$ cat entry_24.tsv   # TSV, C-alpha atoms and all ligand atoms
chain	number	residue	atom	x	y	z
A	1	MET	CA	-52.10	-50.11	-9.18
A	2	GLU	CA	-53.23	-50.22	-5.62
A	3	GLN	CA	-51.97	-52.09	-2.66
A	4	SER	CA	-54.20	-54.32	-0.69
A	5	ALA	CA	-53.92	-56.35	2.44
A	6	PHE	CA	-56.60	-58.28	4.12
A	7	ALA	CA	-57.06	-60.84	6.80
A	8	SER	CA	-58.62	-63.76	5.02
A	9	SER	CA	-62.22	-64.71	5.42
A	10	GLU	CA	-61.18	-68.21	4.34
A	11	ALA	CA	-60.01	-68.98	7.85
A	12	ILE	CA	-62.22	-71.96	8.46
A	13	GLY	CA	-61.25	-74.63	10.98
A	14	ALA	CA	-58.33	-74.92	13.36
A	15	ALA	CA	-55.60	-75.27	10.71
A	16	ALA	CA	-56.70	-72.13	8.94
A	17	ARG	CA	-56.75	-70.18	12.21
A	18	ASP	CA	-53.02	-70.82	12.59
A	19	VAL	CA	-52.16	-68.78	9.52
A	20	THR	CA	-52.64	-65.31	8.14
A	21	HIS	CA	-53.51	-64.80	4.49
A	22	GLY	CA	-53.00	-61.67	2.48
A	23	SER	CA	-51.99	-60.30	-0.86
A	24	PHE	CA	-49.47	-57.82	-2.08
A	25	ARG	CA	-49.64	-55.65	-5.13
A	26	ALA	CA	-47.08	-52.95	-5.84
A	27	ALA	CA	-48.41	-49.43	-5.46
A	28	ARG	CA	-47.31	-46.47	-7.54
A	29	SER	CA	-45.73	-44.90	-4.46
A	30	ASP	CA	-43.58	-47.95	-3.62
A	31	PRO	CA	-39.89	-47.06	-3.28
A	32	HIS	CA	-38.60	-49.86	-5.53
A	33	LEU	CA	-40.36	-48.71	-8.69
A	34	ALA	CA	-37.99	-45.91	-9.73
A	35	PRO	CA	-34.75	-47.84	-9.04
A	36	ARG	CA	-36.23	-50.89	-10.81
A	37	GLU	CA	-36.97	-48.83	-13.89
A	38	ARG	CA	-33.41	-47.50	-13.87
A	39	LEU	CA	-31.79	-50.89	-13.25
A	40	LEU	CA	-33.80	-52.85	-15.83
A	41	GLY	CA	-33.79	-49.90	-18.23
A	42	ASN	CA	-29.95	-49.91	-18.48
A	43	ALA	CA	-29.70	-46.55	-16.69
A	44	THR	CA	-27.85	-47.75	-13.57
A	45	PRO	CA	-24.06	-47.99	-14.02
A	46	LEU	CA	-23.08	-51.54	-13.10
A	47	HIS	CA	-19.77	-53.35	-12.89
A	48	GLY	CA	-19.16	-56.41	-14.98
A	49	PRO	CA	-17.98	-59.61	-13.30
A	50	THR	CA	-14.33	-60.59	-13.35
A	51	ALA	CA	-13.92	-63.44	-15.81
A	52	ALA	CA	-11.16	-66.02	-15.69
A	53	THR	CA	-9.80	-66.54	-19.17
A	54	LEU	CA	-9.07	-70.11	-20.15
A	55	GLY	CA	-7.07	-70.63	-23.33
A	56	GLU	CA	-7.39	-73.69	-25.48
A	57	GLN	CA	-4.74	-75.51	-23.42
A	58	GLU	CA	-6.53	-75.20	-20.06
A	59	ALA	CA	-10.06	-75.41	-21.40
A	60	ASP	CA	-10.31	-79.19	-21.37
A	61	ALA	CA	-13.19	-80.69	-19.42
A	62	ARG	CA	-11.15	-80.96	-16.21
A	63	GLY	CA	-9.76	-77.44	-16.44
A	64	VAL	CA	-13.15	-75.82	-16.94
A	65	HIS	CA	-14.78	-77.91	-14.21
A	66	GLN	CA	-12.03	-77.10	-11.73
A	67	GLU	CA	-12.13	-73.36	-12.43
A	68	ILE	CA	-15.92	-73.27	-12.12
A	69	THR	CA	-16.13	-75.25	-8.89
A	70	GLU	CA	-13.43	-73.10	-7.29
A	71	GLN	CA	-15.24	-69.89	-8.19
A	72	LEU	CA	-18.61	-71.28	-7.07
A	73	TRP	CA	-17.11	-72.33	-3.76
A	74	ARG	CA	-15.63	-68.86	-3.27
A	75	GLN	CA	-18.48	-66.61	-4.41
A	76	GLY	CA	-21.55	-68.56	-5.59
A	77	LEU	CA	-20.84	-67.42	-9.14
A	78	ALA	CA	-18.44	-68.56	-11.84
A	79	VAL	CA	-17.48	-66.54	-14.92
A	80	VAL	CA	-15.11	-68.03	-17.47
A	81	GLN	CA	-14.16	-66.71	-20.88
A	82	LEU	CA	-13.42	-69.51	-23.32
A	83	ASP	CA	-11.90	-69.17	-26.80
A	84	GLN	CA	-14.94	-70.90	-28.27
A	85	PRO	CA	-18.38	-71.92	-27.02
A	86	LEU	CA	-18.42	-75.54	-25.85
A	87	SER	CA	-20.05	-78.12	-28.11
A	88	PRO	CA	-23.49	-79.27	-26.87
A	89	HIS	CA	-21.89	-82.55	-25.75
A	90	ARG	CA	-19.17	-80.80	-23.73
A	91	PHE	CA	-21.70	-78.33	-22.35
A	92	MET	CA	-23.86	-81.21	-21.07
A	93	THR	CA	-20.78	-82.98	-19.67
A	94	LEU	CA	-19.92	-79.81	-17.77
A	95	GLY	CA	-23.47	-79.78	-16.39
A	96	ASP	CA	-23.17	-83.44	-15.36
A	97	GLY	CA	-20.12	-82.48	-13.30
A	98	LEU	CA	-22.23	-80.03	-11.31
A	99	GLY	CA	-25.32	-82.18	-10.77
A	100	THR	CA	-28.36	-83.35	-12.69
A	101	ALA	CA	-29.70	-81.32	-15.61
A	102	THR	CA	-33.42	-80.58	-15.42
A	103	PRO	CA	-35.33	-81.60	-18.57
A	104	GLU	CA	-37.07	-78.72	-20.34
A	105	THR	CA	-40.63	-80.02	-20.48
A	106	ASP	CA	-42.69	-76.83	-20.89
A	107	PRO	CA	-44.55	-77.28	-24.21
A	108	ALA	CA	-44.24	-73.53	-24.90
A	109	VAL	CA	-40.42	-73.70	-25.08
A	110	GLN	CA	-40.04	-76.98	-27.01
A	111	PRO	CA	-38.97	-75.28	-30.27
A	112	PHE	CA	-35.94	-73.96	-28.35
A	113	VAL	CA	-34.94	-77.21	-26.62
A	114	GLN	CA	-31.98	-79.30	-27.70
A	115	ASP	CA	-31.05	-82.75	-26.32
A	116	GLY	CA	-33.87	-82.46	-23.79
A	117	VAL	CA	-31.96	-80.23	-21.36
A	118	ILE	CA	-30.35	-77.38	-23.33
A	119	LEU	CA	-32.56	-74.34	-23.81
A	120	ASN	CA	-31.55	-72.09	-26.71
A	121	LEU	CA	-32.29	-68.53	-25.64
A	122	ARG	CA	-32.60	-66.37	-28.71
A	123	SER	CA	-33.92	-62.84	-28.59
A	124	ARG	CA	-36.26	-63.37	-31.50
A	125	HIS	CA	-39.56	-61.87	-30.29
A	126	ALA	CA	-40.56	-58.25	-29.91
A	127	PRO	CA	-41.38	-57.31	-26.31
A	128	THR	CA	-44.36	-59.40	-25.20
A	129	ALA	CA	-46.67	-59.73	-22.20
A	130	GLU	CA	-46.68	-63.54	-22.70
A	131	VAL	CA	-44.57	-64.70	-19.73
A	132	SER	CA	-43.43	-68.02	-21.26
A	133	LEU	CA	-42.07	-66.20	-24.32
A	134	GLN	CA	-40.33	-63.38	-22.46
A	135	PRO	CA	-36.97	-65.18	-22.20
A	136	PHE	CA	-37.03	-65.20	-26.03
A	137	ALA	CA	-38.13	-61.60	-26.38
A	138	ARG	CA	-36.52	-58.19	-25.93
A	139	ASN	CA	-38.34	-57.51	-22.64
A	140	SER	CA	-36.50	-56.91	-19.45
A	141	LEU	CA	-36.91	-59.70	-16.89
A	142	SER	CA	-37.61	-58.69	-13.30
A	143	LEU	CA	-35.29	-59.95	-10.57
A	144	HIS	CA	-36.04	-63.45	-9.35
A	145	SER	CA	-34.62	-66.65	-8.04
A	146	GLU	CA	-35.19	-69.50	-10.50
A	147	SER	CA	-38.34	-71.61	-10.02
A	148	SER	CA	-39.30	-69.70	-6.86
A	149	GLY	CA	-42.71	-71.41	-6.83
A	150	ALA	CA	-41.26	-74.94	-6.76
A	151	ALA	CA	-40.31	-77.01	-3.73
A	152	ALA	CA	-36.74	-76.28	-2.64
A	153	SER	CA	-35.63	-79.78	-3.74
A	154	ARG	CA	-37.03	-79.12	-7.24
A	155	GLN	CA	-35.45	-75.71	-7.71
A	156	PRO	CA	-32.24	-75.62	-9.73
A	157	ARG	CA	-29.09	-75.07	-7.71
A	158	TYR	CA	-27.17	-73.78	-10.72
A	159	ILE	CA	-28.11	-71.93	-13.88
A	160	VAL	CA	-25.42	-72.43	-16.51
A	161	LEU	CA	-25.33	-69.94	-19.39
A	162	LEU	CA	-23.05	-70.11	-22.42
A	163	CYS	CA	-22.84	-67.41	-25.07
A	164	VAL	CA	-22.84	-68.76	-28.62
A	165	ASN	CA	-23.46	-65.39	-30.26
A	166	PRO	CA	-23.68	-62.09	-28.36
A	167	GLY	CA	-25.66	-60.45	-31.18
A	168	ASP	CA	-25.09	-56.78	-31.89
A	169	ASP	CA	-27.01	-55.40	-28.92
A	170	THR	CA	-24.53	-56.12	-26.10
A	171	PRO	CA	-24.96	-52.85	-24.12
A	172	HIS	CA	-28.60	-53.92	-23.67
A	173	ALA	CA	-30.17	-57.18	-22.55
A	174	ARG	CA	-27.47	-57.71	-19.93
A	175	THR	CA	-27.89	-60.39	-17.28
A	176	VAL	CA	-28.11	-58.67	-13.89
A	177	LEU	CA	-27.01	-60.46	-10.74
A	178	VAL	CA	-27.81	-59.25	-7.22
A	179	PRO	CA	-26.18	-61.03	-4.27
A	180	MET	CA	-28.71	-62.39	-1.76
A	181	ARG	CA	-26.14	-61.77	0.97
A	182	GLU	CA	-26.30	-58.03	0.34
A	183	VAL	CA	-30.11	-58.03	0.16
A	184	ALA	CA	-30.29	-59.87	3.50
A	185	ARG	CA	-27.83	-57.42	5.05
A	186	ARG	CA	-30.07	-54.51	4.12
A	187	LEU	CA	-33.19	-56.01	5.67
A	188	SER	CA	-34.10	-55.53	9.30
A	189	PRO	CA	-34.12	-58.66	11.53
A	190	ARG	CA	-37.89	-58.22	11.92
A	191	THR	CA	-38.38	-58.21	8.14
A	192	LEU	CA	-36.26	-61.33	7.67
A	193	GLU	CA	-38.22	-63.01	10.41
A	194	LEU	CA	-41.56	-62.09	8.82
A	195	LEU	CA	-40.40	-63.29	5.39
A	196	SER	CA	-39.16	-66.56	6.84
A	197	HIS	CA	-42.76	-67.33	7.85
A	198	THR	CA	-44.30	-66.15	4.57
A	199	GLY	CA	-44.69	-68.07	1.31
A	200	TYR	CA	-46.64	-68.11	-1.96
A	201	ARG	CA	-50.23	-69.13	-1.17
A	202	ASP	CA	-50.72	-70.56	-4.67
A	203	SER	CA	-47.56	-72.70	-4.52
A	204	PRO	CA	-47.82	-74.46	-1.15
A	205	ALA	CA	-44.79	-76.69	-1.84
A	206	ALA	CA	-42.46	-73.69	-2.25
A	207	PRO	CA	-40.17	-72.79	0.65
A	208	PRO	CA	-40.69	-69.57	2.62
A	209	ILE	CA	-39.58	-66.40	0.85
A	210	ALA	CA	-36.52	-66.20	3.12
A	211	ARG	CA	-34.92	-69.19	4.80
A	212	HIS	CA	-31.78	-69.66	6.82
A	213	VAL	CA	-29.52	-72.31	5.30
A	214	ASP	CA	-25.99	-73.12	6.48
A	215	GLY	CA	-25.68	-69.84	8.34
A	216	ARG	CA	-26.85	-67.56	5.50
A	217	TRP	CA	-30.15	-66.27	4.15
A	218	VAL	CA	-31.50	-67.77	0.94
A	219	PHE	CA	-34.46	-66.24	-0.85
A	220	SER	CA	-37.06	-67.95	-3.00
A	221	PHE	CA	-38.81	-65.02	-4.60
A	222	ARG	CA	-39.75	-63.40	-7.87
A	223	ASP	CA	-40.70	-59.77	-8.34
A	224	PHE	CA	-44.30	-60.09	-9.55
A	225	LEU	CA	-44.15	-56.62	-11.16
A	226	ASP	CA	-47.72	-55.29	-11.13
A	227	GLN	CA	-49.35	-58.69	-10.63
A	228	GLU	CA	-50.90	-59.74	-7.35
A	229	LEU	CA	-48.83	-61.89	-5.02
A	230	ARG	CA	-51.13	-63.96	-2.82
A	231	TRP	CA	-49.22	-64.98	0.27
A	232	THR	CA	-49.70	-67.09	3.33
A	233	HIS	CA	-48.00	-66.50	6.66
A	234	ASP	CA	-47.71	-69.44	9.00
A	235	ARG	CA	-48.55	-67.62	12.21
A	236	PRO	CA	-51.91	-66.29	13.34
A	237	ASP	CA	-52.52	-62.70	14.33
A	238	THR	CA	-49.77	-61.14	12.22
A	239	ASP	CA	-50.87	-57.82	10.81
A	240	PRO	CA	-51.10	-58.35	7.01
A	241	GLU	CA	-49.79	-54.83	6.51
A	242	ALA	CA	-46.58	-55.81	8.36
A	243	VAL	CA	-46.04	-58.64	5.85
A	244	ASN	CA	-46.70	-56.30	2.92
A	245	ALA	CA	-44.26	-53.79	4.38
A	246	ALA	CA	-41.66	-56.60	4.61
A	247	LEU	CA	-42.23	-57.49	0.94
A	248	ARG	CA	-41.86	-53.82	0.01
A	249	GLU	CA	-38.59	-53.65	1.99
A	250	LEU	CA	-37.35	-56.79	0.22
A	251	LEU	CA	-38.09	-55.38	-3.25
A	252	THR	CA	-36.42	-52.09	-2.37
A	253	ALA	CA	-33.29	-53.90	-1.16
A	254	MET	CA	-33.23	-56.01	-4.35
A	255	TYR	CA	-33.40	-53.00	-6.66
A	256	THR	CA	-30.99	-50.68	-4.84
A	257	PRO	CA	-27.92	-52.90	-4.51
A	258	GLU	CA	-24.38	-51.62	-4.39
A	259	GLU	CA	-22.90	-54.95	-5.40
A	260	ALA	CA	-25.03	-55.76	-8.44
A	261	ILE	CA	-23.21	-57.10	-11.46
A	262	ALA	CA	-24.23	-56.92	-15.12
A	263	VAL	CA	-22.94	-59.48	-17.59
A	264	ARG	CA	-22.22	-58.13	-21.04
A	265	TRP	CA	-22.16	-61.20	-23.23
A	266	ARG	CA	-19.27	-62.21	-25.46
A	267	ARG	CA	-18.92	-65.31	-27.58
A	268	GLY	CA	-17.57	-68.16	-25.42
A	269	LEU	CA	-18.46	-66.53	-22.10
A	270	LEU	CA	-19.66	-69.12	-19.60
A	271	VAL	CA	-21.54	-68.02	-16.47
A	272	VAL	CA	-22.70	-70.33	-13.68
A	273	ILE	CA	-25.09	-68.77	-11.17
A	274	ASP	CA	-25.73	-70.42	-7.81
A	275	ASN	CA	-29.48	-69.90	-7.38
A	276	THR	CA	-29.07	-69.78	-3.59
A	277	TYR	CA	-26.53	-66.92	-3.78
A	278	TYR	CA	-27.89	-64.57	-6.45
A	279	PHE	CA	-31.12	-63.11	-7.75
A	280	HIS	CA	-30.96	-62.70	-11.50
A	281	GLY	CA	-32.82	-60.72	-14.14
A	282	ARG	CA	-32.22	-59.09	-17.50
A	283	THR	CA	-32.13	-55.50	-18.62
A	284	ALA	CA	-34.29	-54.45	-21.55
A	285	GLY	CA	-33.14	-55.02	-25.12
A	286	ALA	CA	-32.85	-52.18	-27.59
A	287	ALA	CA	-36.12	-50.67	-28.80
A	288	THR	CA	-35.39	-51.59	-32.40
A	289	PRO	CA	-34.73	-55.21	-33.39
A	290	PRO	CA	-31.01	-56.03	-33.53
A	291	ARG	CA	-29.73	-57.18	-36.90
A	292	GLN	CA	-28.04	-60.13	-35.24
A	293	GLN	CA	-29.93	-61.95	-32.50
A	294	ARG	CA	-28.25	-62.94	-29.30
A	295	HIS	CA	-27.96	-66.67	-28.69
A	296	LEU	CA	-27.29	-68.12	-25.24
A	297	GLN	CA	-27.58	-71.74	-24.19
A	298	ARG	CA	-28.88	-72.62	-20.75
A	299	LEU	CA	-28.79	-75.64	-18.46
A	300	ARG	CA	-30.57	-75.82	-15.13
A	301	ILE	CA	-28.80	-78.11	-12.70
A	302	ARG	CA	-30.23	-79.63	-9.54
A	401	FE	FE	-34.44	-67.04	-14.60

$ encode --input "entry_24.tsv" --output "structure tokens"
Amino acid sequence: MEQSAFASSEAIGAAARDVTHGSFRAARSDPHLAPRERLLGNATPLHGPTAATLGEQEADARGVHQEITEQLWRQGLAVVQLDQPLSPHRFMTLGDGLGTATPETDPAVQPFVQDGVILNLRSRHAPTAEVSLQPFARNSLSLHSESSGAAASRQPRYIVLLCVNPGDDTPHARTVLVPMREVARRLSPRTLELLSHTGYRDSPAAPPIARHVDGRWVFSFRDFLDQELRWTHDRPDTDPEAVNAALRELLTAMYTPEEAIAVRWRRGLLVVIDNTYYFHGRTAGAATPPRQQRHLQRLRIR
């Protein structure tokens, strides 16, 4: 792996002269690689989230909705332990209370889709390099915000996860959550400023990597691992190496958090992640196939 930065030779015409193009690729010496390996490899001790427990009495549609919206309002994350997983109908009703569920249209995931909007996440594949199958495999998933390449209005606001069966591999394959607030706090003002003018070159509709919304920083970013990230920066004459250094600082902040949380799944555990408050990812599954596969259900809500 080598890092590269270049001022683009594609700068043709006035519009192109107003921007700087470059590309980032993680280098072996980058400071986020070792902490990433520890975090995604289950070697970093992480706290679990505090779950509110709702018994059968309180777990009617109104009770669950009220608990979730209160927690989301407070912390951008809701964690509720129910006696039983919700039925698909109640799960979708819960989603309707939060917004509009995004249909799962990717042909690659259709065998896992139920009622058009519920994605059944089952850890049925061995680790794979095929990105579309990784949610269904025992790979780790690098930290990201959901749909970071989509326009802000098309990104989900909430990711709703419900555990139907935790499987027998619960110390592994944990969902990791890293607060964007903490990441922003660890970045220098100059880095935040650079990132707020930088976006994915291959997804022009996507928002800048960092943006200031309602007085806080929101990131739209996925760790590309060892793949190339082609970026565009909307100001001329910025040193491409300064942008790459900002991306390196962002990745380091993401993988060295003090406030990261790891969800260890239990049957009936419901987690709602505000995609503008948390990066999420998944630690690696066990090396050997579990006897019982994990089964989570997911809704993406706009
Ligand atoms: Fe995701």

$ residues_near_ligand --input "entry_24.tsv" --ligand "ligand FE 401 (chain A)" --cutoff "8 Å" --atoms "only C-alpha atoms and all ligand atoms" --output "NGL selection string"
:A and (144-147 or 280-281)

$ atom_distance --input "entry_24.tsv" --atom1 "atom CA of His32 of chain A" --atom2 "atom CA of Ile209 of chain A"
17.8 Å

$ axis_aligned_box --input "entry_24.tsv" --around "segment 137-140 of chain A" --padding-each-side "3 Å" --output "JSON"
{"center_x": -37.4, "center_y": -59.3, "center_z": -22.9, "size_x": 7.8, "size_y": 10.7, "size_z": 12.9}

$ residues_around --input "entry_24.tsv" --residues "segment 57-65 of chain A" --least-positions-apart "5" --cutoff "10 Å" --atoms "all atoms listed in the file" --output "ChimeraX atom specification"
/A:70,80-84,86,90-91,93-95,97-98,270

$ atom_distance --input "entry_24.tsv" --atom1 "atom CA of Val109 of chain A" --atom2 "atom CA of Arg302 of chain A"
19.5 Å

$ atom_distance --input "entry_24.tsv" --atom1 "atom CA of Leu195 of chain A" --atom2 "atom CA of Arg282 of chain A"
24.7 Å

$ closest_residue --input "entry_24.tsv" --among "A:Ala260, A:Val176, A:Leu299, A:Ala284" --to "Thr128 of chain A" --atoms "only C-alpha atoms"
A:Ala284

$ residues_around --input "entry_24.tsv" --residues "Val218 of chain A" --least-positions-apart "5" --cutoff "8 Å" --atoms "all atoms listed in the file" --output "CSV table (one decimal) with C-alpha atoms, in the frame of the given file"
chain,number,residue,atom,x,y,z
A,180,MET,CA,-28.7,-62.4,-1.8
A,210,ALA,CA,-36.5,-66.2,3.1
A,211,ARG,CA,-34.9,-69.2,4.8
A,212,HIS,CA,-31.8,-69.7,6.8
A,213,VAL,CA,-29.5,-72.3,5.3
A,276,THR,CA,-29.1,-69.8,-3.6
A,277,TYR,CA,-26.5,-66.9,-3.8

$ closest_residue --input "entry_24.tsv" --among "A:Val243, A:Cys163, A:Ile118, A:Ala129" --to "Thr105 of chain A" --atoms "only C-alpha atoms"
A:Ile118

$ residues_around --input "entry_24.tsv" --residues "Pro189 of chain A" --least-positions-apart "2" --cutoff "12 Å" --atoms "all atoms listed in the file" --output "short mmCIF file (atom, residue, chain, number, x, y, z; two decimals) with C-alpha atoms, in the frame of the given file"
data_model
loop_
_atom_site.label_atom_id
_atom_site.label_comp_id
_atom_site.auth_asym_id
_atom_site.auth_seq_id
_atom_site.Cartn_x
_atom_site.Cartn_y
_atom_site.Cartn_z
CA ALA A 184 -30.29 -59.87 3.50
CA ARG A 185 -27.83 -57.42 5.05
CA ARG A 186 -30.07 -54.51 4.12
CA LEU A 187 -33.19 -56.01 5.67
CA THR A 191 -38.38 -58.21 8.14
CA LEU A 192 -36.26 -61.33 7.67
CA GLU A 193 -38.22 -63.01 10.41
CA LEU A 194 -41.56 -62.09 8.82
CA LEU A 195 -40.40 -63.29 5.39
CA SER A 196 -39.16 -66.56 6.84
CA ALA A 210 -36.52 -66.20 3.12
CA TRP A 217 -30.15 -66.27 4.15
CA ALA A 246 -41.66 -56.60 4.61
CA GLU A 249 -38.59 -53.65 1.99
CA LEU A 250 -37.35 -56.79 0.22
#

$ residues_around --input "entry_24.tsv" --residues "Val164 of chain A" --least-positions-apart "5" --cutoff "10 Å" --atoms "only C-alpha atoms" --output "ChimeraX atom specification"
/A:84-87,120-121,265-270,294-297

$ residues_near_point --input "entry_24.tsv" --point "(-27.8, -49.3, -15.2)" --cutoff "12 Å" --atoms "only C-alpha atoms" --output "ChimeraX atom specification"
/A:35-48,171-176,255-258,260-264,282-284

$ write_last_selection --input "entry_24.tsv" --atoms "C-alpha atoms" --output "compact mmCIF listing (two decimals), in the frame of the given file"
# COMPACT_ATOMS: atom_id res chain seq x y z
CA PRO A 35 -34.75 -47.84 -9.04
CA ARG A 36 -36.23 -50.89 -10.81
CA GLU A 37 -36.97 -48.83 -13.89
CA ARG A 38 -33.41 -47.50 -13.87
CA LEU A 39 -31.79 -50.89 -13.25
CA LEU A 40 -33.80 -52.85 -15.83
CA GLY A 41 -33.79 -49.90 -18.23
CA ASN A 42 -29.95 -49.91 -18.48
CA ALA A 43 -29.70 -46.55 -16.69
CA THR A 44 -27.85 -47.75 -13.57
CA PRO A 45 -24.06 -47.99 -14.02
CA LEU A 46 -23.08 -51.54 -13.10
CA HIS A 47 -19.77 -53.35 -12.89
CA GLY A 48 -19.16 -56.41 -14.98
CA PRO A 171 -24.96 -52.85 -24.12
CA HIS A 172 -28.60 -53.92 -23.67
CA ALA A 173 -30.17 -57.18 -22.55
CA ARG A 174 -27.47 -57.71 -19.93
CA THR A 175 -27.89 -60.39 -17.28
CA VAL A 176 -28.11 -58.67 -13.89
CA TYR A 255 -33.40 -53.00 -6.66
CA THR A 256 -30.99 -50.68 -4.84
CA PRO A 257 -27.92 -52.90 -4.51
CA GLU A 258 -24.38 -51.62 -4.39
CA ALA A 260 -25.03 -55.76 -8.44
CA ILE A 261 -23.21 -57.10 -11.46
CA ALA A 262 -24.23 -56.92 -15.12
CA VAL A 263 -22.94 -59.48 -17.59
CA ARG A 264 -22.22 -58.13 -21.04
CA ARG A 282 -32.22 -59.09 -17.50
CA THR A 283 -32.13 -55.50 -18.62
CA ALA A 284 -34.29 -54.45 -21.55
